[in-house]
$ cat model.txt   # compact mmCIF, C-alpha atoms (C1' of nucleotides)
# COMPACT_ATOMS: atom_id res chain seq x y z
CA MET B 1 231.69 -63.54 36.74
CA PRO B 2 231.44 -64.89 40.27
CA ASP B 3 228.52 -63.80 42.38
CA GLU B 4 230.80 -62.26 44.97
CA TRP B 5 233.86 -60.61 43.55
CA ASN B 6 237.16 -61.12 45.25
CA VAL B 7 238.91 -58.06 46.54
CA GLY B 8 241.56 -58.25 43.84
CA LEU B 9 238.94 -57.83 41.14
CA LEU B 10 237.25 -55.09 43.13
CA LEU B 11 240.52 -53.20 43.38
CA PHE B 12 241.11 -53.51 39.67
CA VAL B 13 237.95 -51.74 38.57
CA PRO B 14 238.54 -48.32 40.14
CA TYR B 15 242.30 -48.56 39.59
CA ARG B 16 241.81 -49.00 35.91
CA ALA B 17 239.09 -46.35 35.82
CA MET B 18 241.46 -43.79 37.34
CA GLU B 19 244.23 -44.70 34.94
CA THR B 20 241.93 -44.39 31.96
CA ARG B 21 240.55 -41.04 33.06
CA VAL B 22 244.03 -39.61 33.50
CA LEU B 23 245.23 -40.82 30.13
CA GLU B 24 242.11 -39.49 28.43
CA ALA B 25 242.61 -36.11 30.04
CA LEU B 26 246.23 -36.01 28.95
CA VAL B 27 245.35 -36.89 25.39
CA ALA B 28 242.58 -34.29 25.37
CA ALA B 29 245.06 -31.70 26.62
CA GLY B 30 247.29 -32.34 23.64
CA PHE B 31 249.71 -34.82 25.21
CA ASP B 32 248.54 -37.40 22.75
CA ASP B 33 251.84 -39.14 22.24
CA LEU B 34 251.73 -40.62 25.73
CA THR B 35 250.89 -44.26 26.33
CA MET B 36 249.52 -45.83 29.47
CA ALA B 37 252.78 -47.51 30.29
CA GLN B 38 254.64 -44.22 30.00
CA VAL B 39 252.15 -42.46 32.24
CA ARG B 40 252.46 -45.27 34.76
CA VAL B 41 256.15 -44.51 35.04
CA MET B 42 255.77 -40.75 34.98
CA ALA B 43 253.21 -40.93 37.78
CA ARG B 44 255.83 -42.46 40.00
CA LEU B 45 258.52 -39.85 39.54
CA ALA B 46 259.50 -38.25 42.82
CA PRO B 47 259.69 -34.44 42.88
CA GLY B 48 263.46 -34.46 43.13
CA GLY B 49 263.87 -37.32 40.67
CA SER B 50 263.84 -41.08 40.98
CA ARG B 51 266.32 -43.76 40.18
CA LEU B 52 265.42 -46.24 37.50
CA THR B 53 265.42 -49.15 39.91
CA GLU B 54 263.03 -47.29 42.19
CA LEU B 55 260.68 -46.68 39.32
CA ALA B 56 260.88 -50.28 38.25
CA ASP B 57 260.11 -51.53 41.75
CA GLN B 58 257.16 -49.25 42.16
CA ALA B 59 255.65 -49.91 38.77
CA ARG B 60 256.32 -53.63 39.20
CA VAL B 61 258.30 -54.04 36.04
CA THR B 62 261.90 -54.97 35.38
CA LYS B 63 264.49 -52.25 35.14
CA GLN B 64 264.80 -53.01 31.44
CA THR B 65 261.17 -52.13 30.92
CA ALA B 66 261.45 -49.02 33.06
CA GLY B 67 264.49 -47.96 31.07
CA PHE B 68 262.69 -48.56 27.81
CA LEU B 69 259.81 -46.35 28.91
CA VAL B 70 262.03 -43.61 30.31
CA ASP B 71 263.87 -43.56 26.98
CA GLN B 72 260.62 -42.67 25.29
CA LEU B 73 259.66 -40.09 27.88
CA GLU B 74 263.05 -38.52 27.39
CA ARG B 75 262.77 -38.56 23.63
CA HIS B 76 259.44 -36.76 23.81
CA GLU B 77 260.77 -34.32 26.39
CA TYR B 78 258.56 -35.42 29.22
CA ALA B 79 261.50 -36.45 31.36
CA GLN B 80 265.23 -36.14 31.57
CA ARG B 81 268.04 -38.05 33.20
CA ILE B 82 270.57 -36.24 35.34
CA PRO B 83 273.54 -37.67 37.20
CA ASP B 84 272.94 -38.72 40.77
CA PRO B 85 275.38 -36.64 42.81
CA THR B 86 275.51 -39.29 45.51
CA ASP B 87 276.33 -42.28 43.30
CA GLY B 88 278.27 -42.30 40.07
CA ARG B 89 276.54 -45.37 38.76
CA ALA B 90 273.07 -43.97 39.14
CA ARG B 91 271.07 -41.32 37.40
CA LEU B 92 267.96 -39.51 38.49
CA VAL B 93 264.95 -39.40 36.24
CA ARG B 94 262.89 -36.28 36.65
CA LEU B 95 260.25 -34.30 34.81
CA ALA B 96 261.34 -32.09 31.94
CA GLY B 97 259.49 -29.29 30.15
CA ARG B 98 256.46 -31.03 28.73
CA GLY B 99 256.41 -33.36 31.70
CA GLU B 100 255.73 -30.55 34.14
CA ALA B 101 252.73 -29.41 32.14
CA ALA B 102 251.45 -32.94 31.72
CA ALA B 103 251.87 -33.61 35.42
CA GLU B 104 249.65 -30.64 36.18
CA VAL B 105 246.92 -31.98 33.96
CA ALA B 106 247.29 -35.40 35.52
CA ALA B 107 247.17 -34.04 39.05
CA ALA B 108 244.06 -32.01 38.30
CA THR B 109 242.37 -35.06 36.82
CA VAL B 110 243.27 -37.21 39.80
CA ALA B 111 241.82 -34.57 42.11
CA GLN B 112 238.68 -34.42 40.02
CA VAL B 113 238.20 -38.19 40.02
CA GLU B 114 238.89 -38.44 43.73
CA ALA B 115 236.31 -35.73 44.30
CA GLU B 116 233.76 -37.69 42.28
CA TRP B 117 234.50 -40.78 44.27
CA ALA B 118 234.23 -38.89 47.55
CA ALA B 119 230.90 -37.50 46.43
CA HIS B 120 229.63 -40.98 45.74
CA LEU B 121 230.99 -42.64 48.86
CA GLY B 122 230.72 -39.75 51.26
CA ALA B 123 233.71 -38.10 52.82
CA ALA B 124 233.94 -40.45 55.75
CA ARG B 125 233.90 -43.60 53.69
CA MET B 126 236.40 -42.13 51.26
CA ARG B 127 238.76 -41.40 54.13
CA ALA B 128 238.26 -44.92 55.42
CA LEU B 129 239.03 -46.34 52.00
CA ARG B 130 242.25 -44.40 51.76
CA ALA B 131 243.24 -45.34 55.28
CA ALA B 132 242.61 -49.02 54.64
CA LEU B 133 244.61 -48.93 51.42
CA GLU B 134 247.51 -47.19 53.09
CA GLN B 135 247.52 -49.78 55.82
CA LEU B 136 247.32 -52.53 53.24
CA ARG B 137 250.32 -51.05 51.55
CA GLU B 138 252.37 -51.99 54.57
CA ILE B 139 252.13 -55.65 53.70
CA THR B 140 251.62 -55.57 49.95
CA ASP B 141 254.17 -53.01 48.82
CA THR B 142 257.38 -54.91 48.34
CA GLY B 143 259.25 -51.80 47.23
CA LEU B 144 258.56 -49.52 50.19
CA GLY B 145 260.92 -46.70 51.03
CA GLY B 146 261.20 -43.36 49.28
CA SER B 147 259.71 -40.22 50.69
CA GLY B 148 256.25 -41.55 51.42
CA ARG B 149 255.89 -42.09 55.11
CA GLY B 150 252.60 -43.96 54.53
CA MET F 1 257.19 -40.84 44.62
CA PRO F 2 254.82 -38.17 45.94
CA ASP F 3 254.51 -37.71 49.66
CA GLU F 4 250.85 -38.54 49.62
CA TRP F 5 249.89 -41.20 47.16
CA ASN F 6 246.77 -40.78 45.12
CA VAL F 7 244.10 -43.39 45.49
CA GLY F 8 244.78 -44.81 42.06
CA LEU F 9 248.32 -45.68 43.04
CA LEU F 10 247.12 -47.02 46.37
CA LEU F 11 244.67 -49.31 44.62
CA PHE F 12 247.36 -50.60 42.30
CA VAL F 13 249.64 -51.95 45.00
CA PRO F 14 247.34 -54.54 46.57
CA TYR F 15 245.69 -55.32 43.25
CA ARG F 16 248.99 -56.25 41.75
CA ALA F 17 250.06 -58.08 44.88
CA MET F 18 246.98 -60.29 44.70
CA GLU F 19 247.51 -60.99 41.04
CA THR F 20 251.12 -61.92 41.61
CA ARG F 21 250.34 -64.20 44.52
CA VAL F 22 247.73 -66.06 42.50
CA LEU F 23 249.99 -66.52 39.50
CA GLU F 24 252.84 -67.69 41.72
CA ALA F 25 250.57 -70.22 43.39
CA LEU F 26 249.39 -71.51 40.03
CA VAL F 27 252.93 -71.87 38.74
CA ALA F 28 253.96 -73.63 41.94
CA ALA F 29 251.04 -76.01 41.54
CA GLY F 30 252.28 -77.04 38.14
CA PHE F 31 250.19 -74.72 36.00
CA ASP F 32 253.34 -73.09 34.79
CA ASP F 33 252.22 -72.40 31.26
CA LEU F 34 249.80 -69.71 32.39
CA THR F 35 250.53 -66.04 31.93
CA MET F 36 249.15 -63.12 33.86
CA ALA F 37 246.94 -62.03 30.98
CA GLN F 38 245.48 -65.49 30.64
CA VAL F 39 244.73 -65.68 34.35
CA ARG F 40 243.10 -62.28 34.18
CA VAL F 41 240.64 -63.66 31.66
CA MET F 42 240.14 -66.97 33.41
CA ALA F 43 239.40 -65.20 36.67
CA ARG F 44 236.43 -63.55 35.02
CA LEU F 45 234.75 -66.66 33.68
CA ALA F 46 231.25 -67.07 35.05
CA PRO F 47 230.34 -70.51 36.41
CA GLY F 48 228.01 -71.22 33.51
CA GLY F 49 230.30 -69.68 30.93
CA SER F 50 230.84 -66.17 29.64
CA ARG F 51 230.61 -64.61 26.25
CA LEU F 52 233.76 -63.22 24.75
CA THR F 53 232.41 -59.69 24.72
CA GLU F 54 231.57 -59.95 28.42
CA LEU F 55 235.08 -61.08 29.20
CA ALA F 56 236.54 -58.30 27.13
CA ASP F 57 234.44 -55.66 28.86
CA GLN F 58 235.32 -56.91 32.30
CA ALA F 59 239.02 -57.27 31.66
CA ARG F 60 239.05 -53.91 29.87
CA VAL F 61 240.51 -55.19 26.66
CA THR F 62 239.18 -55.41 23.14
CA LYS F 63 237.35 -58.52 22.05
CA GLN F 64 240.26 -59.34 19.77
CA THR F 65 242.58 -59.45 22.76
CA ALA F 66 240.13 -61.52 24.76
CA GLY F 67 239.79 -63.89 21.83
CA PHE F 68 243.54 -64.19 21.53
CA LEU F 69 243.83 -65.11 25.20
CA VAL F 70 240.92 -67.54 25.15
CA ASP F 71 242.53 -69.25 22.17
CA GLN F 72 245.54 -69.96 24.31
CA LEU F 73 243.49 -71.10 27.29
CA GLU F 74 241.66 -73.44 24.96
CA ARG F 75 244.84 -74.75 23.42
CA HIS F 76 246.22 -75.60 26.86
CA GLU F 77 242.90 -77.10 27.93
CA TYR F 78 242.10 -74.57 30.59
CA ALA F 79 238.94 -73.45 28.85
CA GLN F 80 236.60 -74.47 26.09
CA ARG F 81 234.09 -72.76 23.86
CA ILE F 82 230.59 -74.12 23.55
CA PRO F 83 227.73 -72.79 21.47
CA ASP F 84 225.40 -70.39 23.21
CA PRO F 85 221.98 -72.04 22.99
CA THR F 86 220.25 -68.69 23.15
CA ASP F 87 222.15 -67.00 20.34
CA GLY F 88 223.63 -68.58 17.26
CA ARG F 89 226.26 -65.90 16.87
CA ALA F 90 227.64 -66.30 20.34
CA ARG F 91 229.67 -68.92 22.13
CA LEU F 92 230.19 -69.44 25.82
CA VAL F 93 233.67 -69.72 27.22
CA ARG F 94 233.89 -71.91 30.26
CA LEU F 95 236.44 -73.81 32.28
CA ALA F 96 237.67 -77.13 30.93
CA GLY F 97 239.58 -79.94 32.64
CA ARG F 98 242.78 -78.25 33.72
CA GLY F 99 240.90 -75.01 34.23
CA GLU F 100 238.77 -76.46 37.01
CA ALA F 101 241.82 -77.61 38.90
CA ALA F 102 243.58 -74.31 38.36
CA ALA F 103 240.53 -72.40 39.48
CA GLU F 104 240.57 -74.30 42.75
CA VAL F 105 244.17 -73.34 43.38
CA ALA F 106 243.40 -69.76 42.47
CA ALA F 107 240.38 -69.61 44.74
CA ALA F 108 242.31 -71.05 47.65
CA THR F 109 245.07 -68.51 47.13
CA VAL F 110 242.63 -65.64 46.97
CA ALA F 111 241.06 -66.81 50.20
CA GLN F 112 244.47 -67.08 51.80
CA VAL F 113 245.52 -63.60 50.72
CA GLU F 114 242.23 -62.11 51.80
CA ALA F 115 242.68 -63.75 55.17
CA GLU F 116 246.13 -62.24 55.50
CA TRP F 117 244.78 -58.84 54.63
CA ALA F 118 241.91 -59.23 57.10
CA ALA F 119 244.40 -60.21 59.77
CA HIS F 120 246.40 -57.09 59.12
CA LEU F 121 243.49 -54.68 58.84
CA GLY F 122 241.13 -56.29 61.30
CA ALA F 123 237.84 -57.81 60.27
CA ALA F 124 235.87 -54.59 60.55
CA ARG F 125 238.20 -52.57 58.40
CA MET F 126 238.42 -55.34 55.85
CA ARG F 127 234.63 -55.39 55.58
CA ALA F 128 234.64 -51.62 55.23
CA LEU F 129 237.23 -51.84 52.46
CA ARG F 130 235.18 -54.34 50.53
CA ALA F 131 232.01 -52.34 51.01
CA ALA F 132 233.66 -49.16 49.80
CA LEU F 133 235.07 -50.91 46.75
CA GLU F 134 231.73 -52.42 45.89
CA GLN F 135 230.09 -49.05 46.14
CA LEU F 136 232.82 -47.53 44.03
CA ARG F 137 232.17 -50.15 41.42
CA GLU F 138 228.79 -48.56 40.84
CA ILE F 139 230.39 -45.55 39.22
CA THR F 140 233.66 -46.97 37.90
CA ASP F 141 232.56 -50.25 36.33
CA THR F 142 231.50 -49.40 32.81
CA GLY F 143 230.72 -53.01 31.99
CA LEU F 144 228.27 -53.76 34.79
CA GLY F 145 225.66 -56.43 34.38
CA GLY F 146 226.22 -60.18 34.59
CA SER F 147 225.40 -62.14 37.68
CA GLY F 148 227.29 -60.08 40.23
CA ARG F 149 224.86 -58.02 42.17
CA GLY F 150 227.25 -56.87 44.89
C1' DC S 1 293.63 -53.81 46.24
C1' DA S 2 290.44 -58.01 45.11
C1' DA S 3 285.85 -59.65 45.52
C1' DA S 4 281.17 -59.06 45.81
C1' DT S 5 277.35 -55.98 45.03
C1' DT S 6 274.56 -52.60 42.77
C1' DA S 7 272.87 -49.23 38.85
C1' DG S 8 272.00 -49.24 34.48
C1' DT S 9 272.30 -50.72 29.48
C1' DT S 10 272.14 -53.77 25.23
C1' DC S 11 270.39 -57.64 22.72
C1' DG S 12 266.98 -60.78 21.39
C1' DA S 13 262.70 -63.01 21.84
C1' DT S 14 257.98 -63.25 23.24
C1' DC S 15 253.78 -61.71 24.63
C1' DC S 16 250.08 -58.50 24.60
C1' DT S 17 247.13 -55.14 22.60
C1' DC S 18 245.04 -52.37 19.33
C1' DT S 19 242.86 -50.74 14.57
C1' DG S 20 240.60 -52.02 10.62
C1' DA S 21 238.09 -55.04 7.95
C1' DC S 22 235.38 -59.09 7.55
C1' DT S 23 231.65 -63.12 8.16
C1' DA S 24 227.69 -64.91 10.37
C1' DC S 25 223.65 -64.31 12.89
C1' DC S 26 219.84 -61.74 15.28
C1' DG S 27 215.95 -58.60 15.61
C1' DT S 28 212.89 -55.41 13.52
C1' DC S 29 209.89 -53.54 10.28
C1' DA S 30 207.25 -53.47 6.27
C1' DT K 1 209.27 -63.20 3.24
C1' DG K 2 213.05 -60.16 2.70
C1' DA K 3 215.82 -55.94 3.35
C1' DC K 4 218.27 -53.42 7.03
C1' DG K 5 220.81 -52.06 11.00
C1' DG K 6 223.02 -53.93 14.92
C1' DT K 7 225.65 -57.54 17.48
C1' DA K 8 229.07 -61.69 18.27
C1' DG K 9 233.07 -63.12 16.95
C1' DT K 10 237.20 -63.86 13.77
C1' DC K 11 241.20 -62.67 10.65
C1' DA K 12 245.16 -59.98 9.34
C1' DG K 13 248.67 -56.83 10.37
C1' DA K 14 251.32 -53.73 13.11
C1' DG K 15 253.15 -51.63 17.15
C1' DG K 16 253.99 -51.53 22.01
C1' DA K 17 255.34 -53.60 26.41
C1' DT K 18 257.75 -56.97 29.00
C1' DC K 19 261.06 -60.19 30.16
C1' DG K 20 265.66 -63.10 30.62
C1' DA K 21 270.46 -63.23 29.90
C1' DA K 22 274.60 -61.09 29.51
C1' DC K 23 277.31 -57.00 29.91
C1' DT K 24 279.81 -52.40 31.64
C1' DA K 25 280.79 -49.27 35.14
C1' DA K 26 280.87 -47.65 39.79
C1' DT K 27 280.43 -48.54 44.82
C1' DT K 28 281.05 -51.16 48.94
C1' DT K 29 283.24 -54.67 51.65
C1' DG K 30 287.03 -57.10 53.71

$ encode --input "model.txt" --output "structure tokens"
Amino acid sequence: MPDEWNVGLLLFVPYRAMETRVLEALVAAGFDDLTMAQVRVMARLAPGGSRLTELADQARVTKQTAGFLVDQLERHEYAQRIPDPTDGRARLVRLAGRGEAAAEVAAATVAQVEAEWAAHLGAARMRALRAALEQLREITDTGLGGSGRG
Amino acid sequence: MPDEWNVGLLLFVPYRAMETRVLEALVAAGFDDLTMAQVRVMARLAPGGSRLTELADQARVTKQTAGFLVDQLERHEYAQRIPDPTDGRARLVRLAGRGEAAAEVAAATVAQVEAEWAAHLGAARMRALRAALEQLREITDTGLGGSGRG
DNA sequence: CAAATTAGTTCGATCCTCTGACTACCGTCA
DNA sequence: TGACGGTAGTCAGAGGATCGAACTAATTTG
């Protein structure tokens, strides 16, 4: 590998570490029929539900892929589709029974990992990291919008 | 999406943006037979060559997957395998003809994107971001080692 | 209302990734 | 020297993820 890593590579390492930790925790908690791709979609579900196109934009996949993954989440009762009251074409994907429980495990794991990172970096540097990433999001997130005011 | 994004999600956005920009630049430069997965492997080739297991560790895939991707890079003359003089079992994967040219395009694109990010964040914050990520690598990079000391 | 747009689905193909099992080579230890 | 455990990489097979093109249905625009 290069002597000095580019920032893209540097971003990848902790991103992937977080993803792996969350999936491992879910599997350990008994949600062992989940795949990484499914979790990636589930992690992006808004509290009130998300449209498929939103999910696809945020996960950077086509809507076909997002639909394929939501099908599986629905089949395993992690998510459900409900009509979007504001648009007859659209449906909202939101957490279902098992999904709520899984989301709790995931959230706890994320908090745990973030705490570990903060312990290693120090609180100030961790805050700076988050702030820089949120600012970076302004120019790198093609699918902005939604509830996040970033 | 949640009101406050977790750091994992925040890392994903610019990581993926960088990856996409690099692949787009490569395709535009005529290297249009490259896929994202292939570029991911090629981006991790050390100047003097890397062993397959190294590549697999760094890209977080199994050695079978890494081998599969290197096969393709070799077939399209982006990379080549040479014997490892220090170990008869091993071979070193390194850039070949087209790979050198592609690597130049990739490096230029990375530099360009990093410059854009630095312009948006300011030089100080960009340095702080890189420093935080490098420090984070200490606890999130399972496959450390190699030449990178940063 | 007709046309253009948008949300989502279906179909088909390809690519990616993993598990398991295998060969070849290295290092150690007696 | 030779047996043994570990490491580097490959082969075979299967399943999962992703995409492009084409399609239906509903909304928006003029």

$ residues_around --input "model.txt" --residues "F:Leu95" --least-positions-apart "2" --cutoff "7 Å" --atoms "all atoms listed in the file" --output "list in words"
Tyr78, Ala79, Gln80, Gly97, Gly99 and Glu100 of chain F

$ residues_around --input "model.txt" --residues "K:DT29" --least-positions-apart "4" --cutoff "10 Å" --atoms "all atoms listed in the file" --output "number ranges by chain"
S: 3-5

$ interface_residues --input "model.txt" --of "chain B" --to "chain S" --cutoff "12 Å" --atoms "all atoms listed in the file" --output "tab-separated table (two decimals) with C-alpha atoms, in the coordinates of the input"
chain	number	residue	atom	x	y	z
B	36	MET	CA	249.52	-45.83	29.47
B	51	ARG	CA	266.32	-43.76	40.18
B	52	LEU	CA	265.42	-46.24	37.50
B	53	THR	CA	265.42	-49.15	39.91
B	54	GLU	CA	263.03	-47.29	42.19
B	56	ALA	CA	260.88	-50.28	38.25
B	62	THR	CA	261.90	-54.97	35.38
B	63	LYS	CA	264.49	-52.25	35.14
B	64	GLN	CA	264.80	-53.01	31.44
B	65	THR	CA	261.17	-52.13	30.92
B	66	ALA	CA	261.45	-49.02	33.06
B	67	GLY	CA	264.49	-47.96	31.07
B	68	PHE	CA	262.69	-48.56	27.81
B	71	ASP	CA	263.87	-43.56	26.98
B	81	ARG	CA	268.04	-38.05	33.20
B	83	PRO	CA	273.54	-37.67	37.20
B	84	ASP	CA	272.94	-38.72	40.77
B	87	ASP	CA	276.33	-42.28	43.30
B	88	GLY	CA	278.27	-42.30	40.07
B	89	ARG	CA	276.54	-45.37	38.76
B	90	ALA	CA	273.07	-43.97	39.14
B	91	ARG	CA	271.07	-41.32	37.40
B	92	LEU	CA	267.96	-39.51	38.49

$ atom_distance --input "model.txt" --atom1 "atom C1' of K:DT18" --atom2 "atom CA of B:Arg60"
10.8 Å

$ interface_residues --input "model.txt" --of "chain B" --to "chain F" --cutoff "7 Å" --atoms "all atoms listed in the file" --output "ChimeraX atom specification"
/B:1-4,7-8,10-15,17-18,44-47,117,125,129-130,132-134,136-137,140-141,146-148

$ atom_distance --input "model.txt" --atom1 "atom CA of F:Thr20" --atom2 "atom CA of B:Val93"
27.0 Å

$ closest_atom_pairs --input "model.txt" --of "chain K" --to "chain B" --cutoff "8 Å" --atoms "all atoms listed in the file" --output "Markdown table"
| residue | atom | partner | partner_atom | distance |
| --- | --- | --- | --- | --- |
| K:DA17 | C1' | B:Thr65 | CA | 7.5 |
| K:DT18 | C1' | B:Thr65 | CA | 6.2 |
| K:DC19 | C1' | B:Thr62 | CA | 7.4 |
| K:DA25 | C1' | B:Arg89 | CA | 6.8 |
| K:DA26 | C1' | B:Arg89 | CA | 5.0 |
| K:DT27 | C1' | B:Asp87 | CA | 7.6 |

$ atom_distance --input "model.txt" --atom1 "atom CA of F:Leu23" --atom2 "atom CA of F:Arg75"
18.8 Å

$ closest_residue --input "model.txt" --among "B:Ala103, B:Ala119, B:Glu74, B:Arg98" --to "B:Val39" --atoms "all atoms listed in the file"
B:Ala103
